[in-house]
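Down below is the structure, laid out as structure tokens.
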Amino acid sequence: MADRPPRPERTGVLLALPTWLTLGVFFLLPLAILFVISFGQRATYGGLKPIVDLGLYLRSGKFLANYARSLHPIYLQIFWRSIWMAVVTTLVCLVVSFPVAYYIAVAAPARRRNLLLGLVVVPFWTSFLIRTYAWMFILRTEGLVNRFLVGSGLTHGPLELLYNNFAVLIGLIYGELPFMILPLYASLEKLDLSLLEASADLGAARSSTFWRITVPMTMPGIVAGVILVFVPSLGQFIVSDLLGGAKTILAGNLIQNQFAVARNKPFGAAVAFELTAAVLLLLFAYALYTKRKGQDVLL
Amino acid sequence: MASEYSVEIRGLTRRFGDVAAVDAVSLDIRRGEFFSLLGPSGCGKTTLLRMIGGFELPTEGSIRIDGADMTWVAPYRRPVNMVFQHYALFPHLTVAENVAFGMRYKSVPRADEGKRVADALSLVQLSGFEKRHPHQLSGGQRQRVALARALALEPEVLLLDEPLGALDQKLRKEVQVQLKHLQRSLGITFIFVTHDQEEALTMSDRVAVMNRGRVEQMDDAARVFERPATEFVANFMGASNFFAARVSGTDGGVVSLALKAGGEVRIASAEAGPHRTGEDVRFVVRPEKLDLRGRDLSPHGVPSLPVTIEDKVYQGVSTLWIVRDAADERFVVYEQNERPFEEGSRFAVGGRAFLCWNARHAVMLRQGGAAG
């Protein structure tokens with residue numbers, strides 16, 4: 001009997017298997033554990049307090065205590081700060097990246113394209129931690145910027161550039177920029193330039209062409225970039241830890257503190273789960289929206 | 001001041017590095033005519049068209065459209081519209097949105113947009129396709145949407161960059177006739193770029209044949225075909241029967257030529273200008289105007305050249321005879337298959353015959369490349 005060709009649907013399952021395994025082991029399973037822990041209570045020396053009577057525990061409503069606590073204004077303030085900072089970071093990255101990506105993909109001579117893309121990626125060769133430390137040296141009171149400002153007489157004394165929201169934003173934007181440039185580049189590189197010419201031919205000035213053709217045609221890249229920047233910004237804790245000082249706590253710091261410092265795993269798990277759920281909901285809403293518009297779902 | 005010409009081009013040059021893609025071209029395109037830029041790929045015809053559209057800026061020279069200087073004007077301010085080679089339809093917009101795209105810039109009242117779109121679509125027989133997206137259309141339908149989109153803005157001049165290149169042969173022939181008909185009924189000036197000489201002849205009032213950035217010949221379509229000015233044009237028009245000769249005498253508009261391969265012919269030389277006795281010249285006779293005979297007709301005053309039959313290509317409607325003369329020059333004779341089939345072929349491959357033609361069909365060629 002001759003070998004039968006593999007059925008296409010089975011090939012598809014096999015190809016997707018590594019992805020599902022990785023996702024399952026490193027994402028879904030931890031998420032499930034996190035979810036369970038988030039309903040528990042902290043033991044005196046960290047760890048989990050054993051539940052003696054599960055029925056009583058559920059009826060008393062104590063299992064929701066961590067979620068209730070996370071709605072306290074002091075934490076809501078942290079969430080709010082995380083969200084607006086992530087939004088600002090995403091918007092600034094988008095505005096800064098678009099011309100850069102456009103230049104690399106369209107305007108720059110083709111032979112220089114790889115070099116420019118390389119330059120975008122080069123920072124990844126250095127640890128993100130070290131690069132964030134470098135920003136401290138640039139922004140601190142005796143740092144590069146202040147030395148220039150004072151030395152050139154532009155300001156009388158050094159400015160407070162470090163340990164505030166501004167410094168955190170700078171750090172976030174700096175760190176996330178490549179994740180916006182690369183997907184935008186991928187989209188712009190595929191842009192059919194004759195569409196821009198056709199638009200101009202039909203009477204649209206450059207700005208009209210940009211909004212009516214370039215932006216819609218590169219929407220996949222814009223969305224990918226926004227997701228790639230917004231989601232990590234929301235969970236950042238290194239940047240806010242180093243550049244933000246004690247005043248600028250983000251949701252990421254809150255979670256990290258609960259696990260590492262306060263040793264309150266259940267509360268940390270509840271906050272982490274809330275954050276993850278919020279992001280997943282956003283992505284889900286987006287997927288629904290694109291499906292309704294009859295476009296390809298990009299996720 | 002309205003001019004007789006839609007487009008006036010003077011000394012237009014576009015250099016890319018050291019190469020002149022368009023080299024000192026001057027053209028006048030009449031109002032309401034179907035004008036074709038014809039030439040092989042890389043001859044500069046598309047660059048020239050793109051300069052008229054404003055997508056490419058000239059290195060030198062000037063372009064006037066409808067009497068106004070447009071050399072440096074941005075594309076969106078020119079009274080021309082273009083049908084792009086691959087149509088460049090906006091994939092994220094419907095057919096109706098594509099056609100309506102430019103109307104807001106031409107101060108078309110919003111209320112009239114719908115009607116204008118419907119009119120343009122019915123012009124290209126695509127009524128009912130308003131809600132479709134370009135990817136739901138066939139190649140021919142896309143081409144018509146592109147045409148409707150450009151015509152909907154009622155341009156002074158319509159530029160077409162090989163718009164039929166992506167269509168299959170049968171559809172192409174249909175669209176050629178439709179396009180010509182459309183152009184006549186609208187009265188808009190069409191400037192059409194193509195590398196297909198038959199396409200240019202089918203549709204154009206006048207044709208400019210381009211080679212290496214220069215215009216080799218600009219004439220009525222039939223004249224370019226019948227009276228090619230240069231060897232390049234003759235070749236491009238499918239006539240490669242070149243005869244080398246020396247001027248042995250001139251008499252008014254008629255020159256006597258001594259063929260290099262032997263024999264004497266007299267031909268009219270009005271197009272090629274005056275000739276001096278002793279000058280080397282070349283002339284061409286189209287393949288369908290050559291005839292093969294079994295005997296020498298020169299005693300009857302008909303130019304006859306003894307040749308050897310090298311090959312025969314049967315093409316159904318016609319037969320191509322490939323022959324060689326004593327000087328080893330190669331000629332192609334195109335014969336209509338009008339003789340009864342039973343009579344068989346008049347000549348056999350390897351046999352001898354005489355190549356004859358009417359002296360009036362010989363066209364003197366201009367020496368060298370393009371004229372100024």
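Here's how to read the names in the structure tokens: chain A, B, ... by the order shown, residue numbers from 1 in each chain, ligand numbers from 1 in the order shown.
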For chain A, which residues have at least one atom within 10 Å of chain B, if we go by only C-alpha atoms? Write them as a PyMOL selection string, please.
-> chain A and resi 192-206+208+212-213+216-217+295
I need the chosen residues saved as a PDB file, in the first residue's frame, with C-alpha atoms.
```
ATOM      1  CA  ASP A 192       2.466  50.619  -3.369  1.00  0.00           C
ATOM      2  CA  LEU A 193       3.874  54.045  -4.192  1.00  0.00           C
ATOM      3  CA  SER A 194       1.744  54.319  -7.306  1.00  0.00           C
ATOM      4  CA  LEU A 195      -1.229  54.683  -4.950  1.00  0.00           C
ATOM      5  CA  LEU A 196       0.329  57.874  -3.609  1.00  0.00           C
ATOM      6  CA  GLU A 197       0.876  59.084  -7.158  1.00  0.00           C
ATOM      7  CA  ALA A 198      -2.696  58.208  -8.072  1.00  0.00           C
ATOM      8  CA  SER A 199      -3.918  60.200  -5.079  1.00  0.00           C
ATOM      9  CA  ALA A 200      -1.848  63.222  -6.100  1.00  0.00           C
ATOM     10  CA  ASP A 201      -3.039  62.781  -9.663  1.00  0.00           C
ATOM     11  CA  LEU A 202      -6.648  62.965  -8.493  1.00  0.00           C
ATOM     12  CA  GLY A 203      -5.964  66.281  -6.794  1.00  0.00           C
ATOM     13  CA  ALA A 204      -5.043  65.339  -3.232  1.00  0.00           C
ATOM     14  CA  ALA A 205      -2.285  67.433  -1.686  1.00  0.00           C
ATOM     15  CA  ARG A 206       0.342  65.643   0.396  1.00  0.00           C
ATOM     16  CA  SER A 208      -4.719  64.567   2.159  1.00  0.00           C
ATOM     17  CA  ARG A 212      -6.607  59.102   2.996  1.00  0.00           C
ATOM     18  CA  ILE A 213      -4.087  56.625   1.575  1.00  0.00           C
ATOM     19  CA  PRO A 216      -5.285  53.378   5.975  1.00  0.00           C
ATOM     20  CA  MET A 217      -2.858  51.343   3.878  1.00  0.00           C
ATOM     21  CA  GLN A 295     -10.841  42.951   7.357  1.00  0.00           C
TER      22      GLN A 295
END
```
Could you give me, as a ChimeraX atom specification, the residues within 8 Å of stretch 355-357 of chain B, counting only C-alpha atoms and dropping anything in the same chain fewer than 4 positions from it?
-> /B:285,289-293,297,302-307,361-362
May I have the residues within 8 Å of stretch 183-193 of chain B as a PyMOL selection string, using only C-alpha atoms and disregarding those fewer than 2 positions away in the same chain?
-> chain B and resi 6+30-38+45-46+49+155-162+179-181+195
Would you write out those residues with N, CA and C atoms, as a compact mmCIF listing (two decimals), in the first residue's frame?
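Written file, again_29.txt:
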```
# COMPACT_ATOMS: atom_id res chain seq x y z
N SER B 6 -3.14 71.13 -26.86
CA SER B 6 -3.40 70.73 -25.48
C SER B 6 -2.12 70.73 -24.68
N ARG B 30 -2.26 68.02 -30.19
CA ARG B 30 -3.43 68.82 -30.54
C ARG B 30 -4.58 68.56 -29.59
N ARG B 31 -5.43 69.55 -29.47
CA ARG B 31 -6.61 69.43 -28.65
C ARG B 31 -7.50 68.30 -29.19
N GLY B 32 -7.89 67.40 -28.30
CA GLY B 32 -8.85 66.37 -28.68
C GLY B 32 -8.31 65.26 -29.56
N GLU B 33 -7.01 65.14 -29.65
CA GLU B 33 -6.50 64.04 -30.47
C GLU B 33 -6.07 62.86 -29.61
N PHE B 34 -6.03 61.70 -30.25
CA PHE B 34 -5.53 60.50 -29.60
C PHE B 34 -4.09 60.37 -30.01
N PHE B 35 -3.18 60.64 -29.06
CA PHE B 35 -1.77 60.70 -29.37
C PHE B 35 -1.06 59.56 -28.66
N SER B 36 -0.24 58.81 -29.41
CA SER B 36 0.47 57.69 -28.77
C SER B 36 1.96 57.93 -28.73
N LEU B 37 2.56 57.58 -27.60
CA LEU B 37 4.01 57.53 -27.48
C LEU B 37 4.38 56.06 -27.61
N LEU B 38 5.09 55.75 -28.69
CA LEU B 38 5.35 54.35 -29.01
C LEU B 38 6.85 54.10 -29.00
N LYS B 45 9.44 56.71 -23.05
CA LYS B 45 8.05 57.13 -23.25
C LYS B 45 7.30 57.29 -21.93
N THR B 46 7.56 56.38 -20.99
CA THR B 46 6.87 56.49 -19.70
C THR B 46 7.40 57.68 -18.90
N LEU B 49 5.74 60.69 -20.21
CA LEU B 49 4.35 60.77 -19.75
C LEU B 49 4.29 61.21 -18.29
N PRO B 155 -10.80 65.73 -17.02
CA PRO B 155 -9.49 66.37 -17.24
C PRO B 155 -9.39 66.96 -18.64
N GLU B 156 -8.45 67.90 -18.77
CA GLU B 156 -8.12 68.48 -20.06
C GLU B 156 -7.45 67.41 -20.93
N VAL B 157 -6.57 66.65 -20.26
CA VAL B 157 -5.77 65.64 -20.95
C VAL B 157 -5.81 64.38 -20.11
N LEU B 158 -6.00 63.25 -20.76
CA LEU B 158 -5.94 61.97 -20.06
C LEU B 158 -4.66 61.25 -20.45
N LEU B 159 -3.88 60.88 -19.42
CA LEU B 159 -2.63 60.17 -19.67
C LEU B 159 -2.86 58.69 -19.40
N LEU B 160 -2.42 57.84 -20.32
CA LEU B 160 -2.60 56.39 -20.15
C LEU B 160 -1.27 55.69 -20.29
N ASP B 161 -0.84 55.06 -19.20
CA ASP B 161 0.47 54.41 -19.18
C ASP B 161 0.31 52.91 -19.40
N GLU B 162 0.40 52.48 -20.62
CA GLU B 162 0.22 51.06 -21.00
C GLU B 162 -0.93 50.41 -20.23
N LEU B 179 -11.90 52.20 -26.22
CA LEU B 179 -11.16 53.39 -25.79
C LEU B 179 -11.19 54.47 -26.87
N LYS B 180 -10.95 54.04 -28.10
CA LYS B 180 -10.93 54.97 -29.22
C LYS B 180 -12.31 55.64 -29.36
N HIS B 181 -13.34 54.81 -29.23
CA HIS B 181 -14.70 55.31 -29.35
C HIS B 181 -15.00 56.33 -28.25
N HIS B 195 4.06 49.95 -26.11
CA HIS B 195 5.18 49.41 -26.86
C HIS B 195 4.66 48.55 -28.02
```
For atom CA of B:Val233 and atom CA of B:Arg206, quote the distance in Å rounded to one decimal.
-> 14.3 Å
Those of stretch 168-324 of chain B in DSSP alpha helix (DSSP H), formatted as a PyMOL selection string = chain B and resi 169-186+197-203+221-226+231-236
So which residues touch A:Gly46 within 8 Å, counting only C-alpha atoms, skipping near sequence neighbours fewer than 4 positions away, as a count of residues only?
-> 4
Near stretch 331-334 of chain B, within 9 Å and counting only C-alpha atoms, which residues show up once chain neighbours fewer than 4 positions away are dropped, as a list in words?
->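 The filter keeps Ala239, Ser240, Asn241, Phe242, Arg286, Pro287, Glu288, Lys289, Leu290, Asp291, Leu292, Ser318, Thr319, Leu320, Trp321, Ile322, Val323, Arg324, Asp325 and Leu355 of chain B.
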Which of these residues is nearest to B:Gln197, using only C-alpha atoms: B:Gly238, B:Gly140, B:Gly344, B:Pro109?
->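 Closest to B:Gln197, using only C-alpha atoms: B:Gly238.
In terms of minimum interatomic distance to B:Ile65, B:Val7 ranks closest within B:Val7, B:Ala111, B:Leu259, B:Ala208, counting only C-alpha atoms.
Residues lying within 8 Å of B:Gly249, counting only C-alpha atoms and ignoring same-chain neighbours fewer than 3 positions away, are B:Val255, B:Ser256, B:Leu257, B:Arg276, B:Thr277, B:Gly278.
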